[in-house]
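To start, the structure itself, in structure tokens.
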Amino acid sequence: MPLIVSVDLIVEKWDLELEANGRDHHTADLCRERLVVRRGQPFRLTLHFQGRSYEASVDRLTFSVSTGPAPSQEAGTKARFPLSDAVEEGAWTASVIDQQDSELSLQLIAPAHAPIGLYRLSMEASTGYQGSSFMLGHFTLLFNTWCPADAVYLDSEEQRQEYVLEQQGFIYQGSAKYIHGVPWNFGQFEDEILDTCLKLLDVNPKFLKNSGRDCSRRSSPVYVGRVVSAMVNCNDDQGVLLGRWDNNYADGVSPMFWIGSVDILRRWKNYGFQKVKYGQCWVFAAVACTVLRCLGIPTRVVTNYNSAHDSNSNLLIEYFRNEFGEYEGNKSEMIWNFHCWVESWMTRPDLQPGYEGWQALDPTPQEKSEGTYCCGPVPVRAIKEGDLSTKYDAPFVFAEVNADVVEWIRQEDGSMHKSINNSMVVGLKISTKSVGRDQREDITHTYKYPEGSAEEREAFRKANNLNKLAAKEESGVTMRIRVARSMKMGSDFDVFAHITNDTAESHACRLLLCARTVSYNGTLGPVCSSKDLLDLSLEPHSENSISLPILYEKYCDYLTESNLIKVRGLLIDPATDIYLLAERDIYLKNPEIKIRILGEPKKNRKLVAEVSLQNPLNEPLEGCTVTVEGAGLTETQKTVDIPDPVEAGQEVKVRVDLLPVQVGLHKLVVNFDSNKLKAVKGYRNVIIGPP
């Protein structure tokens, strides 16, 4: 560094204490080449003088910090403060920790409400009326969940570790009856990710319109969360991901193929901030989780099963079907098999007390909020209480977990009949990864009171959800779809319509059974099995079980990467004018990926991952690839091509080189893909020891 001279005081060099600050601020993985600290907490700086030592009675040191292209003290993006023993609460301060001969150890503190971002740090050294100023360098300031005065403060160390520092996790997919955890590499501390997250803030439309105001508002996690929600999708801006749901992904990457956020964010940066193809809800949520954790906001990915998309805010999803139970018309309002968003932990000084804590944010572009495709943050507590006037987007999120479903059957003569469908309940098994464990935590109770409780009815009254308050129709005849315990990809299996007649009368009914492939967002594919029983007799107080065989040869060419089949039963009793619907989504389980680690797992020592999988199908696989990714284990995503074909029943093994750069517990995440067996996920925990 250059030799900088004041009149009597010579500053020979300075040290930003990267190692000590990284350890103290939980930013060690980011502090290898630059200073990254958290607000509201002291960070160290050491000055080395030549010739003579610093004398407090003679010399004056004044520091300046600034962020953004147009910093100002009024906006809170610029500050000038002297070296002083007095610590002013809520202001930038610098004070002496220790002095040894020509070495002066200082601590600087950013206020707990300072805007986050990249800062410039400079210092003026003066003796009497003479002095000089010089740049000490740059540092990045993040939110601080360890600081009680910060808006993102969490009082649980376990939760801080999970929701800010943990770089791997699980996202839940499948169906409410078969919940399937997919491993994901968030990788928020990987190379380039922090710079990319900061760039995401700097290309958002609010920054481009008024950079000074945008940088000033970055003091608020509410504001930053809303910006990230908009910027993860590219519908209004230079956002990260383009969504697609039609199963045509040839000009990009299938959403099911991704196994982590790092590759997506690096592509966005390397493509000159052009949209990455393609994302769906869990990909949008996972990338948002990476960005928010990287910036210091505690965040988790949440999955809601039977999630309603209510575009007109009437808290009602209406389905119109023909006499065979098939949907009619184009549906803008649908029930998704599952839908993912994120929750971030923060205070809400803009709202009434009691609405601090977890806030729902949804980056998947569904409906516009204040003219932009984003959603939230909205307090989860407000959703539970039915308080739909709460900012932001409470009615949409409330409907996702509480909307009522009404089904109409249109007969050939045009008459409409309301059907009974007790199998369709919106907002089930709301799930997230447990703290510190590779297990699912059910958080439905944070969004909804127990069904039928007085508190639930009061929340519905407050939300004006009148359909939910109406008494449900009962006919004395019930039907549900039953399945085998486990249905595997490539197998033939039976499902059953189980019908119970609890009345004292017999019923002559017609039963239509149908199975169709389905995407996770409810879009139906071709029929893969059906049955039409024109004369089904239900005896008084009886039970009947009618089977429907589903064959691999019928579904293999139409199954989407979601591995879902929807089975529907429609029971019609003409004498009593009863139309009874029952539906169930079936998840076909993929084969297990086995992962062995060869070598001694130590930092900076080469390891090999052996990945194996057995083809469960009765036909060959082609175009097989294995992709691996893992924060702290690989610098970049690695893909290995497998020679064609992989015969039926054959086990394939591939080896991938690893170079662990971080000590601790890590997850290696694996994706297997082929022409017939798509997006099979696996993971292995790897503990890396010191070198």
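Letters for chains follow the order of the structure tokens (A, B, ...), residue numbers begin at 1 for each chain, and ligand numbers begin at 1 in the order shown.
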Using 9 Å as the limit and counting only C-alpha atoms, can you tabulate each residue of stretch 186-295 of chain A that touches stretch 553-564 of chain A, with its shortest atom-to-atom distance in Å and the two atoms involved, as JSON lines?
```
{"residue": "A:Asn247", "atom": "CA", "partner": "A:Thr560", "partner_atom": "CA", "distance": 7.4}
{"residue": "A:Ser254", "atom": "CA", "partner": "A:Glu561", "partner_atom": "CA", "distance": 8.9}
{"residue": "A:Met256", "atom": "CA", "partner": "A:Glu561", "partner_atom": "CA", "distance": 6.6}
```
Spatial neighbours of A:Tyr373, max dist 10 Å, only C-alpha atoms, sep filter under 5 positions, as a list in words: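 Listed by chain and then number, they are Ser229, Ala230, Met231, Val232, Asn233, Cys234, Asn235, Asp236, Asp237, Asp362, Pro363, Thr364, Pro365, Gln366, Glu367 and Lys368 of chain A.
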Suppose we keep N, CA, C and O atoms; can you now write the selection as a PDB file, in the first residue's frame?
```pdb
ATOM      1  N   SER A 229     -38.146 -10.130  -4.125  1.00  0.00           N
ATOM      2  CA  SER A 229     -39.310 -10.848  -4.633  1.00  0.00           C
ATOM      3  C   SER A 229     -39.584 -10.494  -6.091  1.00  0.00           C
ATOM      4  O   SER A 229     -39.934 -11.357  -6.899  1.00  0.00           O
ATOM      5  N   ALA A 230     -39.404  -9.220  -6.450  1.00  0.00           N
ATOM      6  CA  ALA A 230     -39.635  -8.783  -7.834  1.00  0.00           C
ATOM      7  C   ALA A 230     -38.494  -9.169  -8.756  1.00  0.00           C
ATOM      8  O   ALA A 230     -38.716  -9.499  -9.927  1.00  0.00           O
ATOM      9  N   MET A 231     -37.255  -9.148  -8.261  1.00  0.00           N
ATOM     10  CA  MET A 231     -36.087  -9.323  -9.129  1.00  0.00           C
ATOM     11  C   MET A 231     -35.725 -10.778  -9.397  1.00  0.00           C
ATOM     12  O   MET A 231     -34.971 -11.069 -10.323  1.00  0.00           O
ATOM     13  N   VAL A 232     -36.230 -11.710  -8.608  1.00  0.00           N
ATOM     14  CA  VAL A 232     -35.925 -13.117  -8.878  1.00  0.00           C
ATOM     15  C   VAL A 232     -36.647 -13.584 -10.141  1.00  0.00           C
ATOM     16  O   VAL A 232     -36.149 -14.431 -10.875  1.00  0.00           O
ATOM     17  N   ASN A 233     -37.832 -13.010 -10.422  1.00  0.00           N
ATOM     18  CA  ASN A 233     -38.466 -13.255 -11.722  1.00  0.00           C
ATOM     19  C   ASN A 233     -38.155 -12.083 -12.657  1.00  0.00           C
ATOM     20  O   ASN A 233     -37.797 -10.992 -12.205  1.00  0.00           O
ATOM     21  N   CYS A 234     -38.277 -12.319 -13.961  1.00  0.00           N
ATOM     22  CA  CYS A 234     -37.861 -11.312 -14.942  1.00  0.00           C
ATOM     23  C   CYS A 234     -39.045 -10.667 -15.655  1.00  0.00           C
ATOM     24  O   CYS A 234     -38.873 -10.052 -16.715  1.00  0.00           O
ATOM     25  N   ASN A 235     -40.246 -10.762 -15.073  1.00  0.00           N
ATOM     26  CA  ASN A 235     -41.432 -10.297 -15.790  1.00  0.00           C
ATOM     27  C   ASN A 235     -41.493  -8.789 -15.984  1.00  0.00           C
ATOM     28  O   ASN A 235     -42.111  -8.314 -16.931  1.00  0.00           O
ATOM     29  N   ASP A 236     -40.865  -8.016 -15.078  1.00  0.00           N
ATOM     30  CA  ASP A 236     -40.944  -6.555 -15.199  1.00  0.00           C
ATOM     31  C   ASP A 236     -39.573  -5.904 -15.340  1.00  0.00           C
ATOM     32  O   ASP A 236     -39.493  -4.686 -15.386  1.00  0.00           O
ATOM     33  N   ASP A 237     -38.506  -6.673 -15.373  1.00  0.00           N
ATOM     34  CA  ASP A 237     -37.197  -6.072 -15.161  1.00  0.00           C
ATOM     35  C   ASP A 237     -36.101  -6.994 -15.693  1.00  0.00           C
ATOM     36  O   ASP A 237     -36.374  -7.947 -16.417  1.00  0.00           O
ATOM     37  N   ASP A 362     -43.330 -14.101  -1.997  1.00  0.00           N
ATOM     38  CA  ASP A 362     -43.485 -15.055  -3.098  1.00  0.00           C
ATOM     39  C   ASP A 362     -42.929 -14.464  -4.390  1.00  0.00           C
ATOM     40  O   ASP A 362     -43.539 -13.581  -4.986  1.00  0.00           O
ATOM     41  N   PRO A 363     -41.771 -14.956  -4.854  1.00  0.00           N
ATOM     42  CA  PRO A 363     -41.165 -14.412  -6.071  1.00  0.00           C
ATOM     43  C   PRO A 363     -41.696 -15.022  -7.368  1.00  0.00           C
ATOM     44  O   PRO A 363     -41.340 -14.554  -8.456  1.00  0.00           O
ATOM     45  N   THR A 364     -42.542 -16.068  -7.287  1.00  0.00           N
ATOM     46  CA  THR A 364     -43.115 -16.640  -8.506  1.00  0.00           C
ATOM     47  C   THR A 364     -44.092 -15.640  -9.110  1.00  0.00           C
ATOM     48  O   THR A 364     -44.999 -15.163  -8.416  1.00  0.00           O
ATOM     49  N   PRO A 365     -43.943 -15.300 -10.405  1.00  0.00           N
ATOM     50  CA  PRO A 365     -44.833 -14.285 -11.004  1.00  0.00           C
ATOM     51  C   PRO A 365     -46.224 -14.842 -11.238  1.00  0.00           C
ATOM     52  O   PRO A 365     -46.444 -15.635 -12.145  1.00  0.00           O
ATOM     53  N   GLN A 366     -47.176 -14.447 -10.396  1.00  0.00           N
ATOM     54  CA  GLN A 366     -48.561 -14.907 -10.530  1.00  0.00           C
ATOM     55  C   GLN A 366     -49.504 -13.734 -10.769  1.00  0.00           C
ATOM     56  O   GLN A 366     -50.203 -13.679 -11.769  1.00  0.00           O
ATOM     57  N   GLU A 367     -49.526 -12.797  -9.839  1.00  0.00           N
ATOM     58  CA  GLU A 367     -50.355 -11.600  -9.960  1.00  0.00           C
ATOM     59  C   GLU A 367     -49.499 -10.374  -9.646  1.00  0.00           C
ATOM     60  O   GLU A 367     -48.502 -10.474  -8.939  1.00  0.00           O
ATOM     61  N   LYS A 368     -49.905  -9.220 -10.186  1.00  0.00           N
ATOM     62  CA  LYS A 368     -49.149  -7.993  -9.928  1.00  0.00           C
ATOM     63  C   LYS A 368     -49.521  -7.404  -8.571  1.00  0.00           C
ATOM     64  O   LYS A 368     -50.668  -7.481  -8.133  1.00  0.00           O
TER      65      LYS A 368
END
```
At most 10 Å is the cut-off: for each residue in stretch 208-305 of chain A with any atom that close to an atom of stretch 435-446 of chain A, write down the nearest atom pair and the distance in Å rounded to one decimal, counting only C-alpha atoms, chain first then increasing number, as a Markdown table.
```
| residue | atom | partner | partner_atom | distance |
| --- | --- | --- | --- | --- |
| A:Val302 | CA | A:Ile443 | CA | 8.8 |
| A:Thr303 | CA | A:Ile443 | CA | 9.7 |
| A:Asn304 | CA | A:Thr444 | CA | 8.5 |
```
Output file for the selection above: N, CA, C and O atoms, as a CSV table (one decimal), in the first residue's frame:
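Written output follows (again.csv):
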```csv
chain,number,residue,atom,x,y,z
A,302,VAL,N,-40.8,-22.5,2.0
A,302,VAL,CA,-42.1,-23.1,2.5
A,302,VAL,C,-42.8,-23.7,1.3
A,302,VAL,O,-42.9,-23.1,0.3
A,303,THR,N,-43.5,-24.9,1.6
A,303,THR,CA,-44.3,-25.5,0.6
A,303,THR,C,-45.7,-25.7,1.1
A,303,THR,O,-45.9,-26.2,2.2
A,304,ASN,N,-46.7,-25.2,0.3
A,304,ASN,CA,-48.1,-25.4,0.7
A,304,ASN,C,-48.7,-26.3,-0.3
A,304,ASN,O,-48.7,-26.2,-1.5
```
A:Trp282 environment, 9 Å, only C-alpha atoms, sequence neighbours closer than 2 positions dropped, as a ChimeraX atom specification: /A:171-173,255,279-280,284-287,301-303,339-341,364
Once you have the residues from the selection above, write them out as an mmCIF file, in the first residue's frame, restricted to C-alpha atoms.
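Dumped to again_3.cif:
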```
data_model
loop_
_atom_site.group_PDB
_atom_site.id
_atom_site.type_symbol
_atom_site.label_atom_id
_atom_site.label_comp_id
_atom_site.auth_asym_id
_atom_site.auth_seq_id
_atom_site.Cartn_x
_atom_site.Cartn_y
_atom_site.Cartn_z
ATOM 1 C CA ILE A 171 -37.539 -28.204 -0.632
ATOM 2 C CA TYR A 172 -40.726 -30.249 -0.342
ATOM 3 C CA GLN A 173 -42.590 -31.451 -3.412
ATOM 4 C CA PRO A 255 -36.891 -26.387 -13.837
ATOM 5 C CA GLY A 279 -37.897 -21.611 -13.326
ATOM 6 C CA GLN A 280 -40.989 -22.808 -11.502
ATOM 7 C CA PHE A 284 -37.939 -18.979 -7.705
ATOM 8 C CA ALA A 285 -38.290 -19.559 -3.949
ATOM 9 C CA ALA A 286 -34.884 -21.244 -3.620
ATOM 10 C CA VAL A 287 -33.055 -18.458 -5.464
ATOM 11 C CA VAL A 301 -38.458 -22.075 1.811
ATOM 12 C CA VAL A 302 -42.061 -23.095 2.502
ATOM 13 C CA THR A 303 -44.315 -25.518 0.570
ATOM 14 C CA HIS A 339 -46.687 -24.175 -4.324
ATOM 15 C CA CYS A 340 -43.485 -22.812 -2.783
ATOM 16 C CA TRP A 341 -42.630 -19.384 -1.431
ATOM 17 C CA THR A 364 -43.115 -16.640 -8.506
#
```
Could you find all residues in stretch 251-428 of chain A that DSSP calls strand (DSSP E) from the backbone, and write them as a VMD selection string? chain A and resid 276 to 279 299 to 309 316 to 321 334 to 346 357 to 361 378 to 379 404 to 410 416 to 419 428
Write the residues you've just listed into a file as a short mmCIF file (atom, residue, chain, number, x, y, z; two decimals), in the first residue's frame, and include N, CA and C atoms for each of them.
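Written output follows (result_13.cif):
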```cif
data_model
loop_
_atom_site.label_atom_id
_atom_site.label_comp_id
_atom_site.auth_asym_id
_atom_site.auth_seq_id
_atom_site.Cartn_x
_atom_site.Cartn_y
_atom_site.Cartn_z
N VAL A 276 -32.47 -16.24 -17.07
CA VAL A 276 -32.07 -17.65 -17.13
C VAL A 276 -33.34 -18.48 -17.36
N LYS A 277 -33.27 -19.41 -18.29
CA LYS A 277 -34.40 -20.27 -18.61
C LYS A 277 -34.16 -21.66 -18.01
N TYR A 278 -35.05 -22.21 -17.19
CA TYR A 278 -36.37 -21.78 -16.80
C TYR A 278 -36.55 -22.03 -15.32
N GLY A 279 -37.58 -21.38 -14.73
CA GLY A 279 -37.90 -21.61 -13.33
C GLY A 279 -39.35 -21.96 -13.12
N THR A 299 -34.16 -16.61 6.38
CA THR A 299 -35.14 -16.99 5.35
C THR A 299 -35.23 -18.51 5.25
N ARG A 300 -36.45 -18.99 4.96
CA ARG A 300 -36.66 -20.42 4.73
C ARG A 300 -37.66 -20.61 3.59
N VAL A 301 -37.53 -21.73 2.89
CA VAL A 301 -38.46 -22.07 1.81
C VAL A 301 -39.62 -22.85 2.41
N VAL A 302 -40.83 -22.51 1.98
CA VAL A 302 -42.06 -23.10 2.50
C VAL A 302 -42.85 -23.70 1.34
N THR A 303 -43.45 -24.87 1.57
CA THR A 303 -44.31 -25.52 0.57
C THR A 303 -45.72 -25.66 1.12
N ASN A 304 -46.70 -25.23 0.33
CA ASN A 304 -48.11 -25.36 0.66
C ASN A 304 -48.74 -26.35 -0.31
N TYR A 305 -49.38 -27.39 0.22
CA TYR A 305 -50.03 -28.39 -0.62
C TYR A 305 -51.50 -28.02 -0.85
N ASN A 306 -51.99 -28.34 -2.06
CA ASN A 306 -53.32 -27.89 -2.51
C ASN A 306 -53.41 -26.37 -2.38
N SER A 307 -52.56 -25.71 -3.12
CA SER A 307 -52.42 -24.25 -3.02
C SER A 307 -53.29 -23.57 -4.07
N ALA A 308 -54.14 -22.64 -3.62
CA ALA A 308 -55.09 -21.98 -4.52
C ALA A 308 -54.47 -20.76 -5.18
N HIS A 309 -54.78 -20.59 -6.46
CA HIS A 309 -54.41 -19.37 -7.19
C HIS A 309 -55.70 -18.62 -7.48
N LEU A 316 -62.59 -17.77 -3.63
CA LEU A 316 -63.37 -18.88 -4.14
C LEU A 316 -62.77 -19.36 -5.46
N ILE A 317 -62.56 -20.67 -5.54
CA ILE A 317 -62.12 -21.30 -6.79
C ILE A 317 -63.29 -22.13 -7.30
N GLU A 318 -63.80 -21.79 -8.48
CA GLU A 318 -64.93 -22.51 -9.07
C GLU A 318 -64.44 -23.33 -10.25
N TYR A 319 -64.79 -24.61 -10.24
CA TYR A 319 -64.48 -25.50 -11.35
C TYR A 319 -65.78 -25.87 -12.07
N PHE A 320 -65.73 -25.83 -13.38
CA PHE A 320 -66.87 -26.25 -14.20
C PHE A 320 -66.45 -27.48 -14.99
N ARG A 321 -67.24 -28.53 -14.87
CA ARG A 321 -66.92 -29.80 -15.52
C ARG A 321 -68.10 -30.25 -16.40
N MET A 334 -56.74 -21.86 -10.34
CA MET A 334 -56.52 -23.31 -10.22
C MET A 334 -56.05 -23.65 -8.82
N ILE A 335 -56.09 -24.94 -8.54
CA ILE A 335 -55.47 -25.48 -7.33
C ILE A 335 -54.18 -26.17 -7.76
N TRP A 336 -53.07 -25.67 -7.27
CA TRP A 336 -51.78 -26.29 -7.57
C TRP A 336 -51.55 -27.45 -6.59
N ASN A 337 -50.97 -28.54 -7.08
CA ASN A 337 -50.66 -29.66 -6.19
C ASN A 337 -49.81 -29.19 -5.01
N PHE A 338 -48.84 -28.35 -5.31
CA PHE A 338 -48.09 -27.68 -4.26
C PHE A 338 -47.58 -26.36 -4.82
N HIS A 339 -47.26 -25.45 -3.92
CA HIS A 339 -46.69 -24.17 -4.32
C HIS A 339 -45.69 -23.75 -3.25
N CYS A 340 -44.56 -23.22 -3.69
CA CYS A 340 -43.48 -22.81 -2.78
C CYS A 340 -43.33 -21.30 -2.76
N TRP A 341 -43.06 -20.78 -1.59
CA TRP A 341 -42.63 -19.38 -1.43
C TRP A 341 -41.59 -19.36 -0.33
N VAL A 342 -41.19 -18.19 0.13
CA VAL A 342 -40.25 -18.09 1.25
C VAL A 342 -40.88 -17.30 2.38
N GLU A 343 -40.35 -17.54 3.56
CA GLU A 343 -40.64 -16.70 4.72
C GLU A 343 -39.33 -16.08 5.19
N SER A 344 -39.39 -14.78 5.53
CA SER A 344 -38.23 -14.09 6.08
C SER A 344 -38.62 -13.47 7.42
N TRP A 345 -37.65 -13.47 8.33
CA TRP A 345 -37.90 -13.01 9.71
C TRP A 345 -37.50 -11.54 9.83
N MET A 346 -38.43 -10.69 10.29
CA MET A 346 -38.13 -9.26 10.44
C MET A 346 -39.22 -8.59 11.28
N GLY A 357 -41.95 -10.94 13.00
CA GLY A 357 -41.71 -12.38 12.88
C GLY A 357 -41.69 -12.81 11.43
N TRP A 358 -42.18 -14.02 11.17
CA TRP A 358 -42.12 -14.56 9.80
C TRP A 358 -43.05 -13.82 8.87
N GLN A 359 -42.49 -13.45 7.71
CA GLN A 359 -43.23 -12.74 6.67
C GLN A 359 -43.17 -13.57 5.39
N ALA A 360 -44.32 -13.78 4.75
CA ALA A 360 -44.37 -14.54 3.50
C ALA A 360 -44.00 -13.63 2.33
N LEU A 361 -43.10 -14.14 1.48
CA LEU A 361 -42.68 -13.46 0.25
C LEU A 361 -42.75 -14.49 -0.88
N VAL A 378 -45.79 -10.22 3.77
CA VAL A 378 -47.02 -10.13 4.56
C VAL A 378 -46.83 -11.00 5.80
N PRO A 379 -47.21 -10.50 6.98
CA PRO A 379 -47.02 -11.29 8.20
C PRO A 379 -47.84 -12.58 8.15
N ASP A 404 -62.05 -21.47 -0.73
CA ASP A 404 -63.03 -22.54 -0.83
C ASP A 404 -63.11 -22.99 -2.29
N VAL A 405 -63.49 -24.24 -2.49
CA VAL A 405 -63.59 -24.81 -3.83
C VAL A 405 -65.03 -25.26 -4.07
N VAL A 406 -65.61 -24.78 -5.17
CA VAL A 406 -66.96 -25.18 -5.55
C VAL A 406 -66.88 -25.82 -6.94
N GLU A 407 -67.49 -27.01 -7.08
CA GLU A 407 -67.44 -27.76 -8.33
C GLU A 407 -68.85 -27.84 -8.92
N TRP A 408 -68.94 -27.53 -10.21
CA TRP A 408 -70.21 -27.59 -10.92
C TRP A 408 -70.12 -28.63 -12.04
N ILE A 409 -71.16 -29.45 -12.18
CA ILE A 409 -71.24 -30.42 -13.26
C ILE A 409 -72.30 -29.93 -14.26
N ARG A 410 -71.89 -29.75 -15.50
CA ARG A 410 -72.82 -29.32 -16.54
C ARG A 410 -73.30 -30.55 -17.32
N MET A 416 -77.01 -27.24 -14.58
CA MET A 416 -75.83 -27.22 -13.71
C MET A 416 -76.17 -27.89 -12.39
N HIS A 417 -75.26 -28.75 -11.92
CA HIS A 417 -75.45 -29.45 -10.66
C HIS A 417 -74.19 -29.24 -9.80
N LYS A 418 -74.40 -28.80 -8.58
CA LYS A 418 -73.28 -28.63 -7.66
C LYS A 418 -72.85 -29.98 -7.12
N SER A 419 -71.56 -30.26 -7.20
CA SER A 419 -71.08 -31.56 -6.72
C SER A 419 -70.49 -31.44 -5.33
N LEU A 428 -52.87 -27.55 2.83
CA LEU A 428 -52.56 -28.71 3.66
C LEU A 428 -51.05 -28.86 3.85
#
```
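Near stretch 664-676 of chain A, within 6 Å and counting only C-alpha atoms, sit A:Glu622, A:Gly623, A:Cys624, A:Thr625, A:Val626, A:Thr627, A:Val628, A:Glu629, A:Gly630, A:Lys681, A:Gly682, A:Tyr683, A:Arg684, A:Asn685, A:Val686, A:Ile687, A:Ile688; same-chain residues fewer than 5 positions away were not included.
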Residue among A:Tyr271, A:Phe134, A:Phe49, A:Phe396 lying closest to A:Asp101, counting only C-alpha atoms: A:Phe49
Secondary structure check, helix (DSSP H, G or I) residues of stretch 240-299 of chain A, as a PyMOL selection string: chain A and resi 255-257+262-270+281-295
